[in-house]
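Structure, as structure tokens:
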Amino acid sequence: MANQGVDRGRRRFLVAATTVVGGAGVVALALPFVASLQPSARAQAAGAPVEVNVAQIEPGQRISVSWRGRPIWVVRRTPEMLDLLPGIRDRLRDPDSDVATQQPEYAQNPHRSIDPEILVLIGLCTHLGCSPAFRPEVGALDDDWAGGWFCGCHGSRFDMAGRVYRNMPAALNLEVPPHHYLSDNVIVVGEHAEGGTA
């Protein structure tokens with residue numbers, strides 16, 4: 001008796017329409033939850049690559065920028081600074097940068113950089129994360145000091161390539177972040193030349 005006079009086509013249409021509207025409602029409700037799982041614009045910006053114009057850096061000068069909340073040091077080394085690097089080799093813990101995790105492959109060389117003149121480092125001591133002082137003056141700490149960084153927290157010393165001296169609390173060289181040259185005067189810190197981010 002209940003099925004008499006039922007329009008089956010209309011029933012199918014109403015069931016299909018209700019299913020589509022219900023599905024759209026579920027999607028509309030789920031979108032804010034899915035969107036909340038994405039990193040915020042602030043979080044994305046914190047990890048975004050940073051462009052640095054090296055043309056403004058004078059010989060012997062260091063500038064600081066920030067990438068991923070860490071200080072990045074960019075130094076324009078003088079020819080004199082570069083000439084001193086081979087002479088202190090026997091006083092360094094890892095002079096050949098054999099610990100590959102401390103620098104990209106393209107910076108695994110005596111000057112630890114793409115261009116010998118421009119050095120890019122993460123400005124945190126590899127012992128406990130303090131920020132070492134830039135002491136480029138030869139003889140500033142003692143007669144054997146060839147310039148570099150001195151961490152006042154526990155006394156670690158690093159040369160002008162960020163390589164750690166022997167018998168220091170820091171066991172590793174300062175870290176070289178991924179970077180590449182966008183042009184002759186602009187470095188991009190935070191990604192390799194192929195465009196892959198670190």
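We label chains A, B, ... in the order they appear in the structure tokens, count residues from 1 in each chain, and number ligands from 1 in the order shown.
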Next item on the list: Please identify all polymer residues within 6 Å of Asp159 in chain A, counting only C-alpha atoms, omitting same-chain residues fewer than 3 positions from it, and present them as a VMD selection string.
Entry: chain A and resid 148 162 to 163
Pull N, CA, C and O atoms from the residues just selected and write them as a tab-separated table (two decimals), in the first residue's frame.
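Result file result18.tsv:
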chain	number	residue	atom	x	y	z
A	148	GLY	N	89.87	34.74	12.97
A	148	GLY	CA	88.76	33.80	12.90
A	148	GLY	C	87.69	34.13	13.92
A	148	GLY	O	87.33	35.29	14.10
A	162	GLY	N	86.21	28.81	9.29
A	162	GLY	CA	85.26	28.18	10.21
A	162	GLY	C	85.69	26.80	10.67
A	162	GLY	O	84.90	26.05	11.21
A	163	ARG	N	86.98	26.46	10.48
A	163	ARG	CA	87.49	25.16	10.90
A	163	ARG	C	87.95	25.24	12.35
A	163	ARG	O	88.64	26.18	12.74
Next item on the list: Please report, as a ChimeraX atom specification, each residue of chain A to which DSSP assigns strand (DSSP E or B) when run on this structure's backbone.
Entry: /A:50-53,62-67,70-76,92,118-122,133-135,148-150,157-158,164-165,179-181,186-189,191,197
Margin query: I want to know what sits within 9 Å of Leu84 in chain A, based on only C-alpha atoms, with residues of the same chain fewer than 5 positions away left out; could you give that as number ranges by chain?
Written below: A: 79, 146-147, 160
Checklist line | Between CA of Gly190 in chain A and CA of Val50 in chain A - distance in Å to one decimal | finding: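 Separating CA of Val50 in chain A from CA of Gly190 in chain A is a distance of 6.5 Å.
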Item checked: Pick from A:Val176, A:Gly5, A:Ala170, A:Pro32, whichever lies nearest to Ser97 in chain A using only C-alpha atoms -> A:Val176
Check: Closest to Trp145 in chain A among A:Gln108, A:Glu175, A:Ile88, A:Leu128, using only C-alpha atoms?
Finding: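 Answer, going by the shortest atom-to-atom distance: A:Ile88.
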12 Å contact set for Leu174 in chain A, only C-alpha atoms, chain neighbours under 2 positions out, as a compact mmCIF listing (two decimals) with N, CA and C atoms, in the first residue's frame:
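So the final result, stored in out_0.txt, reads:
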# COMPACT_ATOMS: atom_id res chain seq x y z
N PRO A 71 71.59 32.69 13.03
CA PRO A 71 72.42 33.73 12.41
C PRO A 71 73.27 33.13 11.28
N ILE A 72 73.28 33.82 10.16
CA ILE A 72 74.12 33.44 9.03
C ILE A 72 75.15 34.54 8.85
N TRP A 73 76.41 34.16 8.84
CA TRP A 73 77.50 35.11 8.65
C TRP A 73 78.00 35.01 7.22
N ARG A 93 91.51 20.51 13.83
CA ARG A 93 90.96 19.17 14.08
C ARG A 93 90.52 18.50 12.77
N ASP A 94 89.86 19.23 11.89
CA ASP A 94 89.35 18.68 10.63
C ASP A 94 89.71 19.64 9.49
N PRO A 95 91.00 19.73 9.14
CA PRO A 95 91.42 20.73 8.15
C PRO A 95 90.85 20.51 6.75
N SER A 97 87.85 19.24 6.14
CA SER A 97 86.39 19.20 6.23
C SER A 97 85.86 17.82 5.86
N VAL A 99 84.18 15.79 7.76
CA VAL A 99 82.83 15.55 8.27
C VAL A 99 81.86 16.21 7.29
N ALA A 100 81.31 15.42 6.40
CA ALA A 100 80.51 15.94 5.28
C ALA A 100 79.23 16.63 5.72
N THR A 101 78.74 16.35 6.93
CA THR A 101 77.49 16.98 7.36
C THR A 101 77.67 18.45 7.72
N GLN A 102 78.90 18.92 7.82
CA GLN A 102 79.15 20.30 8.23
C GLN A 102 79.18 21.28 7.06
N GLN A 103 79.15 20.78 5.84
CA GLN A 103 79.13 21.65 4.67
C GLN A 103 78.66 20.86 3.47
N ARG A 112 86.43 26.33 2.26
CA ARG A 112 85.05 25.97 2.63
C ARG A 112 84.01 26.92 2.03
N LEU A 119 82.80 33.77 2.29
CA LEU A 119 82.53 32.64 3.19
C LEU A 119 81.14 32.80 3.78
N VAL A 120 80.36 31.71 3.80
CA VAL A 120 79.01 31.70 4.38
C VAL A 120 78.97 30.63 5.46
N LEU A 121 78.64 31.04 6.69
CA LEU A 121 78.61 30.11 7.83
C LEU A 121 77.36 30.32 8.65
N ILE A 122 76.94 29.26 9.36
CA ILE A 122 75.92 29.39 10.40
C ILE A 122 76.67 29.82 11.65
N GLY A 123 76.28 30.94 12.22
CA GLY A 123 77.02 31.55 13.32
C GLY A 123 76.74 30.98 14.68
N LEU A 124 76.77 29.66 14.80
CA LEU A 124 76.56 29.00 16.09
C LEU A 124 77.69 28.01 16.35
N CYS A 125 78.28 28.10 17.53
CA CYS A 125 79.35 27.19 17.92
C CYS A 125 78.81 25.76 17.92
N THR A 126 79.62 24.84 17.43
CA THR A 126 79.19 23.44 17.35
C THR A 126 79.34 22.71 18.68
N HIS A 127 79.74 23.43 19.72
CA HIS A 127 79.82 22.81 21.04
C HIS A 127 78.46 22.86 21.73
N LEU A 128 78.01 24.07 22.09
CA LEU A 128 76.72 24.21 22.77
C LEU A 128 75.81 25.26 22.14
N GLY A 129 76.16 25.73 20.95
CA GLY A 129 75.27 26.64 20.24
C GLY A 129 75.42 28.11 20.58
N CYS A 130 76.50 28.49 21.26
CA CYS A 130 76.74 29.91 21.52
C CYS A 130 77.11 30.60 20.21
N SER A 131 77.16 31.92 20.22
CA SER A 131 77.53 32.66 19.02
C SER A 131 78.94 33.21 19.19
N PRO A 132 79.94 32.62 18.51
CA PRO A 132 81.32 33.07 18.66
C PRO A 132 81.53 34.50 18.17
N GLY A 148 89.87 34.74 12.97
CA GLY A 148 88.76 33.80 12.90
C GLY A 148 87.69 34.13 13.92
N TRP A 149 87.20 33.09 14.60
CA TRP A 149 86.12 33.24 15.58
C TRP A 149 86.54 32.63 16.91
N PHE A 150 86.16 33.30 17.99
CA PHE A 150 86.44 32.82 19.34
C PHE A 150 85.13 32.74 20.10
N CYS A 151 84.82 31.54 20.62
CA CYS A 151 83.61 31.36 21.40
C CYS A 151 83.95 31.58 22.87
N SER A 156 86.26 27.75 22.51
CA SER A 156 86.54 27.16 21.19
C SER A 156 87.01 28.23 20.22
N ARG A 157 87.94 27.82 19.37
CA ARG A 157 88.49 28.73 18.36
C ARG A 157 88.29 28.13 16.97
N PHE A 158 87.99 29.01 16.02
CA PHE A 158 87.77 28.61 14.63
C PHE A 158 88.56 29.55 13.74
N ASP A 159 89.13 29.02 12.66
CA ASP A 159 89.91 29.86 11.75
C ASP A 159 89.01 30.63 10.79
N MET A 160 89.61 31.33 9.84
CA MET A 160 88.84 32.15 8.90
C MET A 160 88.10 31.34 7.84
N ALA A 161 88.13 30.01 7.96
CA ALA A 161 87.29 29.15 7.12
C ALA A 161 86.25 28.45 8.00
N GLY A 162 86.21 28.81 9.29
CA GLY A 162 85.26 28.18 10.21
C GLY A 162 85.69 26.80 10.67
N ARG A 163 86.98 26.46 10.48
CA ARG A 163 87.49 25.16 10.90
C ARG A 163 87.95 25.24 12.35
N VAL A 164 87.58 24.26 13.15
CA VAL A 164 87.89 24.27 14.58
C VAL A 164 89.34 23.83 14.83
N TYR A 165 89.96 24.49 15.81
CA TYR A 165 91.32 24.11 16.22
C TYR A 165 91.27 22.81 17.02
N ALA A 170 84.57 22.42 21.12
CA ALA A 170 83.79 22.14 19.89
C ALA A 170 84.50 21.03 19.12
N ALA A 171 83.74 20.02 18.72
CA ALA A 171 84.31 18.88 18.01
C ALA A 171 84.22 19.02 16.49
N LEU A 172 83.38 19.94 16.02
CA LEU A 172 83.13 20.06 14.59
C LEU A 172 83.40 21.47 14.10
N VAL A 176 78.46 25.12 7.28
CA VAL A 176 78.23 25.92 6.07
C VAL A 176 76.83 25.58 5.57
N PRO A 177 75.93 26.57 5.50
CA PRO A 177 74.58 26.26 5.04
C PRO A 177 74.54 26.08 3.52
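For the atom pair formed by CA of Pro110 in chain A and CA of Ser183 in chain A, the distance is 23.4 Å, given to one decimal.
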Next item on the list: Would you list the contacts of Asp184 in chain A as a count of residues only, taking every protein, DNA or RNA residue within 12 Å and counting only C-alpha atoms, but skipping same-chain residues closer than 2 positions in sequence?
Entry: 13
